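Undergrad: This is query30.cif (mmCIF, C-alpha atoms and all ligand atoms).
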```cif
data_final
#
loop_
_atom_site.label_atom_id
_atom_site.label_comp_id
_atom_site.auth_asym_id
_atom_site.auth_seq_id
_atom_site.Cartn_x
_atom_site.Cartn_y
_atom_site.Cartn_z
CA MET A 796 -15.22 -14.91 -3.57
CA ARG A 797 -11.73 -16.37 -3.91
CA PHE A 798 -8.86 -14.47 -5.54
CA ASP A 799 -8.87 -16.71 -8.63
CA GLU A 800 -12.54 -15.86 -9.19
CA LEU A 801 -11.87 -12.14 -9.45
CA LYS A 802 -12.20 -10.76 -12.93
CA LEU A 803 -9.10 -8.63 -12.71
CA ASN A 804 -5.74 -8.80 -14.42
CA GLU A 805 -3.76 -11.79 -13.27
CA ALA A 806 -0.63 -9.91 -12.15
CA VAL A 807 -2.44 -7.79 -9.58
CA VAL A 808 -4.53 -10.72 -8.31
CA LYS A 809 -1.32 -12.72 -7.77
CA ARG A 810 0.32 -9.84 -5.93
CA LEU A 811 -2.71 -9.36 -3.67
CA SER A 812 -3.00 -13.05 -2.87
CA ALA A 813 0.74 -13.48 -2.28
CA ALA A 814 0.86 -10.46 0.03
CA VAL A 815 -2.06 -11.52 2.20
CA ASN A 816 -1.20 -15.22 2.21
CA GLY A 817 2.45 -14.51 2.97
CA GLY A 818 1.45 -12.30 5.90
CA ARG A 819 3.18 -9.39 4.18
CA LEU A 820 0.20 -7.16 3.59
CA SER A 821 0.76 -3.77 5.14
CA HIS A 822 -1.87 -2.53 7.58
CA ALA A 823 -3.28 -0.19 4.96
CA VAL A 824 -3.92 -0.89 1.32
CA ILE A 825 -5.15 1.38 -1.46
CA LEU A 826 -6.96 -0.27 -4.36
CA GLU A 827 -6.81 2.22 -7.20
CA GLY A 828 -8.35 2.30 -10.66
CA GLY A 829 -10.49 -0.25 -12.49
CA SER A 830 -14.27 -0.01 -12.33
CA ALA A 831 -16.26 0.57 -9.13
CA GLU A 832 -17.29 -3.12 -9.24
CA ASP A 833 -13.65 -4.21 -9.62
CA ARG A 834 -12.67 -2.21 -6.59
CA TYR A 835 -15.56 -3.48 -4.52
CA SER A 836 -15.00 -7.15 -5.35
CA ALA A 837 -11.23 -6.89 -4.82
CA ALA A 838 -11.72 -5.07 -1.50
CA MET A 839 -14.26 -7.61 -0.23
CA THR A 840 -12.08 -10.57 -1.26
CA LEU A 841 -9.10 -9.04 0.46
CA ALA A 842 -11.16 -8.33 3.60
CA ASN A 843 -12.43 -11.91 3.47
CA ALA A 844 -8.88 -13.27 3.23
CA LEU A 845 -7.88 -11.23 6.30
CA VAL A 846 -10.61 -12.76 8.48
CA CYS A 847 -10.62 -16.30 6.98
CA SER A 848 -9.82 -18.95 9.59
CA GLY A 849 -9.56 -21.86 7.13
CA GLU A 850 -6.49 -23.87 6.16
CA GLY A 851 -4.44 -23.27 3.02
CA VAL A 852 -4.89 -20.40 0.59
CA LYS A 853 -7.12 -17.65 1.91
CA PRO A 854 -9.95 -16.94 1.51
CA CYS A 855 -10.83 -20.64 1.66
CA GLY A 856 -14.51 -20.03 0.89
CA LYS A 857 -15.55 -22.75 3.35
CA CYS A 858 -14.91 -21.70 6.94
CA GLY A 859 -17.50 -19.91 9.09
CA ASP A 860 -15.76 -16.59 8.54
CA CYS A 861 -15.85 -17.00 4.75
CA ILE A 862 -19.52 -17.93 4.81
CA LYS A 863 -20.33 -14.83 6.84
CA CYS A 864 -18.30 -12.73 4.40
CA GLY A 865 -20.21 -14.28 1.51
CA ALA A 866 -23.42 -13.13 3.18
CA GLU A 867 -21.83 -9.73 3.85
CA SER A 868 -22.48 -10.19 7.56
CA HIS A 869 -19.06 -10.74 9.11
CA PRO A 870 -18.91 -8.85 12.41
CA ASP A 871 -15.28 -7.83 11.87
CA VAL A 872 -15.58 -6.46 8.35
CA PHE A 873 -16.89 -2.91 8.11
CA VAL A 874 -17.71 -1.22 4.85
CA VAL A 875 -17.89 2.57 4.89
CA LYS A 876 -18.95 4.31 1.74
CA GLY A 877 -19.00 8.07 1.92
CA ASP A 878 -21.76 9.86 0.13
CA ASN A 879 -21.38 9.52 -3.60
CA GLU A 880 -24.32 11.85 -4.27
CA GLN A 881 -23.02 14.60 -2.06
CA LYS A 882 -19.43 13.88 -3.07
CA SER A 883 -18.43 13.97 0.54
CA TYR A 884 -17.13 11.84 3.36
CA PRO A 885 -18.40 13.05 6.72
CA VAL A 886 -15.50 13.52 9.11
CA ASP A 887 -17.76 12.13 11.86
CA LEU A 888 -17.81 8.85 9.98
CA ILE A 889 -14.02 8.72 10.13
CA ARG A 890 -14.09 9.55 13.82
CA THR A 891 -16.54 6.69 14.41
CA VAL A 892 -14.18 4.33 12.57
CA ARG A 893 -11.29 5.60 14.65
CA ASN A 894 -13.06 4.99 17.94
CA ASP A 895 -14.36 1.61 16.86
CA ALA A 896 -10.90 0.46 15.77
CA TYR A 897 -9.71 0.42 19.38
CA ILE A 898 -12.29 -2.22 20.27
CA MET A 899 -10.88 -5.74 19.80
CA PRO A 900 -12.21 -7.91 16.93
CA ASN A 901 -15.39 -9.88 17.67
CA GLU A 902 -14.36 -13.20 16.18
CA ALA A 903 -11.52 -12.98 13.69
CA GLU A 904 -7.81 -12.30 13.94
CA HIS A 905 -8.25 -8.97 12.17
CA LYS A 906 -10.72 -6.17 12.13
CA VAL A 907 -11.03 -4.81 8.62
CA TYR A 908 -12.31 -1.40 7.56
CA VAL A 909 -13.12 -1.03 3.89
CA LEU A 910 -13.30 2.67 3.05
CA MET A 911 -14.91 2.86 -0.38
CA ASN A 912 -14.41 5.98 -2.52
CA ALA A 913 -11.66 7.30 -0.27
CA ASP A 914 -10.94 9.91 -2.94
CA LEU A 915 -14.09 11.73 -1.76
CA MET A 916 -12.52 12.44 1.63
CA SER A 917 -11.74 16.06 2.37
CA GLU A 918 -8.29 16.94 3.59
CA TYR A 919 -9.85 17.34 7.01
CA ALA A 920 -11.32 13.83 6.94
CA GLN A 921 -8.03 12.41 5.68
CA ASN A 922 -6.15 14.03 8.52
CA ALA A 923 -8.63 12.50 10.96
CA LEU A 924 -7.97 9.11 9.36
CA LEU A 925 -4.23 9.67 9.44
CA LYS A 926 -4.27 9.63 13.23
CA ILE A 927 -5.18 5.96 13.19
CA LEU A 928 -3.33 5.06 9.98
CA GLU A 929 -0.09 6.11 11.61
CA GLU A 930 -0.40 3.82 14.59
CA PRO A 931 -3.30 1.42 14.32
CA PRO A 932 -3.91 -1.36 16.85
CA GLU A 933 -2.08 -4.42 15.50
CA TYR A 934 -5.26 -6.30 14.54
CA VAL A 935 -6.65 -3.46 12.40
CA ARG A 936 -6.40 -3.40 8.60
CA PHE A 937 -7.61 -0.64 6.29
CA ILE A 938 -8.59 -1.09 2.66
CA LEU A 939 -9.15 2.18 0.82
CA THR A 940 -10.60 2.20 -2.67
CA CYS A 941 -10.47 5.05 -5.15
CA GLY A 942 -10.74 5.70 -8.85
CA SER A 943 -7.58 7.73 -8.57
CA LYS A 944 -5.38 8.32 -5.55
CA ALA A 945 -4.55 11.84 -6.77
CA PRO A 946 -6.93 13.52 -4.25
CA LEU A 947 -5.33 11.61 -1.36
CA LEU A 948 -2.73 13.31 0.83
CA SER A 949 0.80 12.05 0.30
CA THR A 950 0.93 11.33 4.04
CA VAL A 951 -2.03 8.95 3.62
CA ILE A 952 -0.58 7.30 0.51
CA SER A 953 2.78 6.78 2.15
CA ARG A 954 1.17 4.71 4.92
CA ALA A 955 -0.33 2.28 2.43
CA THR A 956 0.60 -0.19 -0.27
CA VAL A 957 -1.03 0.77 -3.56
CA PHE A 958 -2.43 -1.87 -5.91
CA LEU A 959 -3.45 -0.70 -9.37
CA LEU A 960 -6.50 -2.60 -10.58
CA GLY A 961 -6.75 -0.93 -13.96
CA ALA A 962 -5.02 -1.62 -17.23
CA GLU A 963 -1.76 0.01 -16.18
CA GLU A 964 -0.70 -2.98 -14.15
CA ALA A 965 -1.65 -5.40 -16.93
CA SER A 966 1.34 -4.28 -18.95
CA GLY A 967 3.39 -4.96 -15.82
CA ASP A 968 6.25 -6.80 -17.44
CA ASP A 969 7.23 -4.56 -20.33
CA GLU A 970 10.87 -3.66 -20.74
CA LEU A 971 10.69 -0.41 -18.79
CA THR A 972 9.01 -2.08 -15.79
CA VAL A 973 11.55 -4.89 -15.71
CA LYS A 974 14.38 -2.34 -15.74
CA ALA A 975 12.63 -0.19 -13.13
CA LYS A 976 12.25 -3.19 -10.80
CA ASP A 977 15.94 -3.97 -11.17
CA ILE A 978 16.92 -0.35 -10.43
CA ALA A 979 14.59 -0.26 -7.41
CA ASP A 980 16.09 -3.51 -6.09
CA ARG A 981 19.60 -2.15 -6.44
CA LEU A 982 18.68 1.15 -4.76
CA ALA A 983 17.18 -0.84 -1.89
CA GLU A 984 20.39 -2.89 -1.66
CA GLY A 985 22.25 0.41 -1.65
CA ILE A 986 20.32 1.56 1.43
CA LEU A 987 21.76 -1.41 3.31
CA ALA A 988 25.29 -1.04 1.94
CA PRO A 989 27.86 0.81 4.03
CA GLY A 990 28.65 4.28 2.70
CA GLU A 991 26.88 6.01 -0.16
CA LEU A 992 28.76 4.61 -3.13
CA ALA A 993 26.26 1.88 -4.00
CA VAL A 994 23.30 4.29 -4.13
CA MET A 995 25.26 6.94 -6.04
CA GLN A 996 26.33 4.41 -8.63
CA VAL A 997 22.71 3.53 -9.44
CA ILE A 998 21.74 7.21 -9.38
CA SER A 999 24.43 7.98 -11.97
CA GLU A 1000 22.97 5.32 -14.28
CA LEU A 1001 19.65 7.17 -14.16
CA GLU A 1002 21.10 10.51 -15.26
CA LYS A 1003 20.00 10.13 -18.87
CA ASP A 1004 16.83 8.16 -18.33
CA LYS A 1005 14.02 10.21 -16.87
CA ALA A 1006 11.33 7.64 -17.75
CA LEU A 1007 13.23 4.91 -15.94
CA PHE A 1008 13.67 7.15 -12.92
CA SER A 1009 9.92 7.91 -12.75
CA ALA A 1010 9.11 4.22 -13.17
CA CYS A 1011 11.48 3.03 -10.46
CA LEU A 1012 10.00 5.29 -7.76
CA PRO A 1013 6.74 3.32 -7.24
CA GLU A 1014 8.75 0.07 -7.29
CA LEU A 1015 11.05 1.39 -4.60
CA ARG A 1016 8.06 2.50 -2.53
CA ARG A 1017 6.55 -0.97 -2.80
CA ILE A 1018 9.77 -2.53 -1.47
CA LEU A 1019 9.92 -0.09 1.44
CA CYS A 1020 6.19 -0.56 2.21
CA ASP A 1021 6.68 -4.31 2.36
CA ALA A 1022 9.74 -3.86 4.57
CA LEU A 1023 7.65 -1.72 6.90
CA ALA A 1024 4.87 -4.32 6.94
CA ILE A 1025 7.39 -6.99 7.92
CA LYS A 1026 8.74 -4.73 10.61
CA LYS A 1027 5.23 -4.19 11.99
CA GLY A 1028 4.79 -7.91 12.58
CA GLY A 1029 3.89 -9.41 9.21
CA ARG A 1030 5.69 -12.70 8.65
CA PRO A 1031 8.75 -12.37 6.41
CA TYR A 1032 7.94 -14.12 3.19
CA ASN A 1033 11.49 -15.08 2.46
CA GLU A 1034 14.47 -14.08 4.58
CA THR A 1035 16.71 -13.63 1.56
CA LEU A 1036 14.40 -11.01 0.07
CA ILE A 1037 15.54 -7.42 0.18
CA GLU A 1038 12.22 -6.47 1.87
CA SER A 1039 12.97 -8.79 4.81
CA ARG A 1040 16.51 -7.54 5.18
CA LEU A 1041 15.41 -3.90 5.11
CA GLY A 1042 12.71 -4.75 7.63
CA SER A 1043 15.25 -6.15 10.05
CA HIS A 1044 18.03 -3.57 9.59
CA VAL A 1045 16.29 -0.21 9.06
CA SER A 1046 14.16 1.52 11.70
CA ALA A 1047 10.43 2.04 11.06
CA GLU A 1048 10.98 5.76 11.47
CA LYS A 1049 13.58 5.82 8.71
CA LEU A 1050 11.45 3.65 6.42
CA ILE A 1051 8.47 5.99 6.84
CA LYS A 1052 10.67 8.99 6.22
CA MET A 1053 12.05 7.50 3.02
CA LEU A 1054 8.52 6.56 1.88
CA ASN A 1055 7.37 10.15 2.37
CA ASP A 1056 10.44 11.52 0.61
CA ILE A 1057 9.99 9.23 -2.40
CA GLN A 1058 6.32 10.16 -2.64
CA ASP A 1059 7.33 13.80 -2.58
CA ILE A 1060 9.88 13.27 -5.34
CA SER A 1061 7.26 11.35 -7.37
CA ASP A 1062 4.80 14.25 -6.97
CA SER A 1063 7.49 16.73 -8.00
CA MET A 1064 8.24 14.69 -11.13
CA LYS A 1065 4.56 14.79 -12.07
CA ARG A 1066 4.72 18.57 -11.77
CA ASN A 1067 7.71 18.59 -14.13
CA ALA A 1068 10.21 19.70 -11.53
CA ASN A 1069 13.90 19.87 -12.48
CA TYR A 1070 14.89 16.31 -13.18
CA ASN A 1071 18.53 16.38 -12.09
CA LEU A 1072 17.55 18.07 -8.88
CA GLN A 1073 15.05 15.31 -8.04
CA LEU A 1074 17.60 12.67 -8.91
CA THR A 1075 20.16 14.20 -6.58
CA ARG A 1076 17.48 14.54 -3.94
CA LEU A 1077 16.69 10.84 -4.13
CA GLY A 1078 20.36 10.00 -3.70
CA MET A 1079 20.51 12.13 -0.57
CA LYS A 1080 17.28 10.80 0.92
CA LEU A 1081 18.40 7.18 0.66
CA ARG A 1082 21.51 7.65 2.75
ZN ZN B 1101 -12.19 -19.22 5.10
#
```
Go ahead and render the structure in this file as structure tokens.
TA:
Amino acid sequence: MRFDELKLNEAVVKRLSAAVNGGRLSHAVILEGGSAEDRYSAAMTLANALVCSGEGVKPCGKCGDCIKCGAESHPDVFVVKGDNEQKSYPVDLIRTVRNDAYIMPNEAEHKVYVLMNADLMSEYAQNALLKILEEPPEYVRFILTCGSKAPLLSTVISRATVFLLGAEEASGDDELTVKAKDIADRLAEGILAPGELAVMQVISELEKDKALFSACLPELRRILCDALAIKKGGRPYNETLIESRLGSHVSAEKLIKMLNDIQDISDSMKRNANYNLQLTRLGMKLR
């Protein structure tokens, strides 16, 4: 199935296709929300795009890899499902994935693990997965699907780019989102600027706008995730983009640290923590 055949909202389909076709997809992706069928079809299309060997926009639907994906028999695409009945995800299953991931792909450029219903994983299973999410072999890609990422550890979420398949992303270009994207861009610019003035200036604009602050955090995480993906060998989509510049000037270690910090601040906001405190914290963490 090609991206344009997916019955999902257009904005998220475009983002998915642009990320994978621009070589900017991070090594782990979380597909959140939508129906179980939405998540499955999006995950399989994404996996297909990652192993497609055709020319032009991937998946091409015509090459040998695409045909095998269509028949759900590609030797480098693995679908792991967890036990929906038992509401569990055996940790042994994760260990098997981990061991298998170190074996080179059979045919394709990538080896793709689709972990369906990742929200069923226990903390124990997630920690087992984390070992490989942190430093996967370069050919490995993980696609996690979940109704909600709330049960996932923040350390797992921070290693991945999250795509919302549900209705939330459909309203992607309302006024708040446009403003939040602008703020996130300027904060990211501030990370690269000498001194702390640039970041603090943006932070001060957020002092009276809690909703804008909460909305800019996922945008900022997306920028940093993309920067990290570029750093880890994805092709820069466009050298003038902030993501590319962050990827070339900020260390992976610092990017991961900032991703974890922002996730933490996001979680605190959801728990109604003191707003000004979180705002100040963000300013400090981006230095
Ligand atoms: Zn193909």
Undergrad: Neighbours of ligand ZN 1101 (chain B) within 7 Å, counting only C-alpha atoms and all ligand atoms, as a ChimeraX atom specification?
TA: /A:847-849,853-861
Undergrad: For a quick check of understanding, using only C-alpha atoms, which of A:Leu1001, A:Leu1023, A:Ala979, A:Ala823 has the smallest distance to Leu928 of chain A?
TA: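 Answer, going by the shortest atom-to-atom distance: A:Ala823.
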Undergrad: Counting only C-alpha atoms, which of A:Leu924, A:Leu1074, A:Ala838, A:Ile1037 gets nearest to Lys1003 of chain A?
TA: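 Looking only at the distances to Lys1003 of chain A, the closest residue turns out to be A:Leu1074.
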Undergrad: Excluding Met839 of chain A and its own-chain neighbours fewer than 3 positions away, which residues fall within 12 Å of it when counting only C-alpha atoms? Please give them as a PDB file with C-alpha atoms, keeping the file's coordinate frame.
TA:
```
ATOM      1  CA  MET A 796     -15.220 -14.910  -3.570  1.00  0.00           C
ATOM      2  CA  ARG A 797     -11.730 -16.370  -3.910  1.00  0.00           C
ATOM      3  CA  PHE A 798      -8.860 -14.470  -5.540  1.00  0.00           C
ATOM      4  CA  LEU A 801     -11.870 -12.140  -9.450  1.00  0.00           C
ATOM      5  CA  LEU A 826      -6.960  -0.270  -4.360  1.00  0.00           C
ATOM      6  CA  GLU A 832     -17.290  -3.120  -9.240  1.00  0.00           C
ATOM      7  CA  ASP A 833     -13.650  -4.210  -9.620  1.00  0.00           C
ATOM      8  CA  ARG A 834     -12.670  -2.210  -6.590  1.00  0.00           C
ATOM      9  CA  TYR A 835     -15.560  -3.480  -4.520  1.00  0.00           C
ATOM     10  CA  SER A 836     -15.000  -7.150  -5.350  1.00  0.00           C
ATOM     11  CA  ALA A 842     -11.160  -8.330   3.600  1.00  0.00           C
ATOM     12  CA  ASN A 843     -12.430 -11.910   3.470  1.00  0.00           C
ATOM     13  CA  ALA A 844      -8.880 -13.270   3.230  1.00  0.00           C
ATOM     14  CA  LEU A 845      -7.880 -11.230   6.300  1.00  0.00           C
ATOM     15  CA  VAL A 846     -10.610 -12.760   8.480  1.00  0.00           C
ATOM     16  CA  CYS A 847     -10.620 -16.300   6.980  1.00  0.00           C
ATOM     17  CA  PRO A 854      -9.950 -16.940   1.510  1.00  0.00           C
ATOM     18  CA  CYS A 861     -15.850 -17.000   4.750  1.00  0.00           C
ATOM     19  CA  LYS A 863     -20.330 -14.830   6.840  1.00  0.00           C
ATOM     20  CA  CYS A 864     -18.300 -12.730   4.400  1.00  0.00           C
ATOM     21  CA  GLY A 865     -20.210 -14.280   1.510  1.00  0.00           C
ATOM     22  CA  ALA A 866     -23.420 -13.130   3.180  1.00  0.00           C
ATOM     23  CA  GLU A 867     -21.830  -9.730   3.850  1.00  0.00           C
ATOM     24  CA  SER A 868     -22.480 -10.190   7.560  1.00  0.00           C
ATOM     25  CA  HIS A 869     -19.060 -10.740   9.110  1.00  0.00           C
ATOM     26  CA  VAL A 872     -15.580  -6.460   8.350  1.00  0.00           C
ATOM     27  CA  PHE A 873     -16.890  -2.910   8.110  1.00  0.00           C
ATOM     28  CA  VAL A 874     -17.710  -1.220   4.850  1.00  0.00           C
ATOM     29  CA  VAL A 875     -17.890   2.570   4.890  1.00  0.00           C
ATOM     30  CA  VAL A 907     -11.030  -4.810   8.620  1.00  0.00           C
ATOM     31  CA  TYR A 908     -12.310  -1.400   7.560  1.00  0.00           C
ATOM     32  CA  VAL A 909     -13.120  -1.030   3.890  1.00  0.00           C
ATOM     33  CA  LEU A 910     -13.300   2.670   3.050  1.00  0.00           C
ATOM     34  CA  MET A 911     -14.910   2.860  -0.380  1.00  0.00           C
ATOM     35  CA  PHE A 937      -7.610  -0.640   6.290  1.00  0.00           C
ATOM     36  CA  ILE A 938      -8.590  -1.090   2.660  1.00  0.00           C
ATOM     37  CA  LEU A 939      -9.150   2.180   0.820  1.00  0.00           C
ATOM     38  CA  THR A 940     -10.600   2.200  -2.670  1.00  0.00           C
TER      39      THR A 940
END
```
Undergrad: Give me, please, the distance in Å between atom CA of Gly829 of chain A and atom CA of Ser943 of chain A, quoted to one decimal.
TA: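 Going from atom CA of Gly829 of chain A over to atom CA of Ser943 of chain A covers 9.4 Å.
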Undergrad: How would you write as an MDAnalysis selection string the residues that get within 12 Å of (12.7, 4.8, -4.1) in the file's frame, counting all atoms listed in the file?
TA: chainID A and resid 953 975:986 994 997:998 1007:1020 1050:1061 1073:1074 1076:1082
